[in-house]
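Student: Below is one structure. I have some questions about it.
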Amino acid sequence: MLERLTDTTPPSFREAEPAARKRVTRRWRLRVEGGVLPYFLALAMLAPLLFFGLAAVRDWQAIETEARARVVYIRDAVAEHAKRVFQTHELVALSIRDRIDGMSWAEIAGSDELHAYLGAMETTFPEVHAVWLVDGEGRLRASSRALPAPAIDLSDSGWFAEMRAGGPGLVVGPRQVGRAHDDVFTLSLPRRTAEEDGAFDGLIRLSITPGYFAKFYASAYPDEGLIALVLEDGEILVSHPPDANLPRRIPAGSPAFEHMAEYRRAVWEAPSAIDGETRIHAVARLDDLPVYAAFAVSRSSLEALWRNRVIAYAVYFVPALAALVFLGVLVWRSHRELEEKVELRTRALSEAVAEKNQLLKEVHHRVKNNMQIVSSLIRMQERVHTSPEETIRRVQAMALVHDLIYSHGEFASVNLGAYTRRLTDTLASAVTASTPIRITHGLDHVAVTLDRAMPFALILSEVMTNAMRHAFPDGEGHIAVTLEQIDGHAVLRVEDDGKGFDPAARTDGFGLKLIRSLAVQLDADISFERGRGAAFVMRFPLDRQPAHA
């Protein structure tokens, strides 16, 4: 029985069986791979074709989406640039009006000094073609060009009649060609008498060169599309590019009138009323001025861009397809290598997620600290019964720090020089034209952490607000703001030429208490000096940790 149960196969055969089984398995794998590989190669050829078609469709969708976003972006950029230029010109006209305040028209017509001043204005601003001063009867009395001014009667002009009848403060347009064939458009600001009724007494008129705008558009947005500044009645003040040959006025019945009348900002796609070409149009009104910034890009240019991209893709498609077939064969042997790459990428993604989580914790920590500061301000306000607007102003000063951080993309530190300029400009913009306060800066690049930037921001806001409110009873003055980095310390100096102050007169105000409390957090030394006006000086180290409030 034992002999029957014992394996009687010779040893040579027992050793040969595993090798035979391996050969059978290898042949079976080859047959399987040989049957699957043609299908895989066919799939490798068809899949790129399918992906190429899908990519072409998606690329067109991306081009169209990007074009609409680009249209809106350029429209807003053109509108913002034009608005800034018009505001500058309005300030120039206001400056001229202040300069001739109290002068009779006879004095204006014969003043050499005023003529030189007008000439300097024309030279200072390259876009200003000429400056004209017209009396209440419509006669040209002075200009930046000739002295004496030529005898020109403008009383029969429509824009003059509009301003004499009590029209808007600033009138833009129309576009005109002068005697020297100078293509310009105009901005006019009325002059009024000093009596209580403020009767019309002439105007200040600036001739603006459209070429200035065209040069800016050519440098900033070359080959982008059609750019124009248009009056609400359809007259085109500025157009770019010059070879577009746009008419002086948008044809009647254009969809642009409907969109300009109904919306301050609008985007639409329609055939152009000028040449019939389909374009994506966008317009935006310049605040209260009757002027619109317009931008349009043709659909044909988008289609040409898409075709060029598709052709470029096709140039690489054929060799890429051959390479893909070759790589498809190799992919069977590169499974381990692929797994290693996936593992490395997974590890990198995990590290990125951990880094983002750490950044999120830091953001929460900063928000918590700022909320504690806000709650402290509110509690102190309740104790001293200050106005809620004061707390709002202080919170806005803190918010401006965050706005500077995220706009510059520097999360580790805050540039106090840049912040000082932005805060002073923000506070100055709130002062009306009747109380002009000039602010000058001398600012170094001083970087501190966010925790130290917040006390600095609140102190600067308190000092600037106090100077602008109380230093100038006559409503006009000068504030000089300097920030220097000296021997590891930051030195802030805010000096005005106002009425000055008595340091011993009052020392228990909430603002002064807040300044001193915040100065403790910065480990800062503060002082008040008297000179021509008043000066606030603060010196604090840059590398110390802030003290607890």
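Quick note on naming: the chains in the structure tokens go A, B, ... in the order shown, residues restart at 1 in each chain, and ligands are numbered from 1 in order of appearance.
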Find the spatial neighbours of Arg249 of chain A, counting only C-alpha atoms, within a cut-off of 12 Å - ignore same-chain residues fewer than 2 positions away - and output them as a compact mmCIF listing (two decimals) with C-alpha atoms, in the first residue's frame.

Tutor:
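Output contents, as saved in out_22.txt:
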# COMPACT_ATOMS: atom_id res chain seq x y z
CA PRO A 174 -18.08 118.39 -28.53
CA ARG A 175 -15.27 117.24 -30.80
CA ALA A 228 -13.54 104.57 -27.95
CA LEU A 229 -14.77 107.33 -25.67
CA VAL A 230 -18.32 108.24 -26.68
CA LEU A 231 -20.70 110.99 -25.58
CA GLU A 232 -24.18 109.86 -24.61
CA ASP A 233 -25.56 111.47 -27.80
CA GLY A 234 -23.35 109.14 -29.88
CA GLU A 235 -20.50 111.50 -30.77
CA ILE A 236 -17.13 109.67 -30.72
CA LEU A 237 -14.50 111.74 -28.89
CA VAL A 238 -11.59 109.26 -29.09
CA SER A 239 -11.15 106.12 -31.17
CA ASN A 245 -11.90 104.67 -39.74
CA LEU A 246 -14.74 105.10 -37.28
CA PRO A 247 -17.19 107.91 -38.07
CA PRO A 251 -25.27 105.80 -36.56
CA ALA A 252 -28.85 106.24 -35.40
CA GLY A 253 -30.59 102.98 -34.52
CA SER A 254 -27.44 101.37 -33.12
CA ALA A 256 -25.44 100.95 -28.29
CA PHE A 257 -27.93 103.75 -27.57
CA ALA A 273 -24.15 99.51 -36.93
CA ILE A 274 -20.98 100.96 -38.51

Student: Just the residues within 7 Å of segment 209-216 of chain A, please, counting only C-alpha atoms, with nothing from its chain fewer than 5 positions along; format it as a list in words.

Tutor: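 Near segment 209-216 of chain A, the qualifying residues are Glu127, Val128, His129, Asp183, Val184, Phe185, Val238, Ser239 and His240 of chain A.
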
Student: Counting only C-alpha atoms, which of A:Phe125, A:Val353, A:Leu344, A:Val72 gets nearest to Val85 of chain A?

Tutor: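 Of the candidates, the smallest distance to Val85 of chain A is held by A:Phe125.
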
Student: Quote the spacing between atom CA of Val172 of chain A and atom CA of Ala266 of chain A in Å to one decimal place.

Tutor: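 Computing the Euclidean distance for atom CA of Val172 of chain A and atom CA of Ala266 of chain A yields 21.7 Å.
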
Student: For the helix (DSSP H, G or I) assignment from backbone DSSP, which residues of segment 183-355 of chain A qualify? Please present them as a PyMOL selection string.

Tutor: chain A and resi 210-220+242-244+255-262+299-333+335-355

Student: Might you pull out every residue within 7 Å of segment 93-109 of chain A, with only C-alpha atoms counted and same-chain residues fewer than 4 positions away left off, and present them as JSON, numbers by chain?

Tutor: {"A": [89, 135, 141, 142, 148, 189, 191, 204]}

Student: Using only C-alpha atoms, which protein or nucleic acid residues come within 10 Å of Gln396 of chain A? Drop anything in the same chain fewer than 4 positions from it, and give the result as a ChimeraX atom specification.

Tutor: /A:390-392,400-402,423,457-458,461
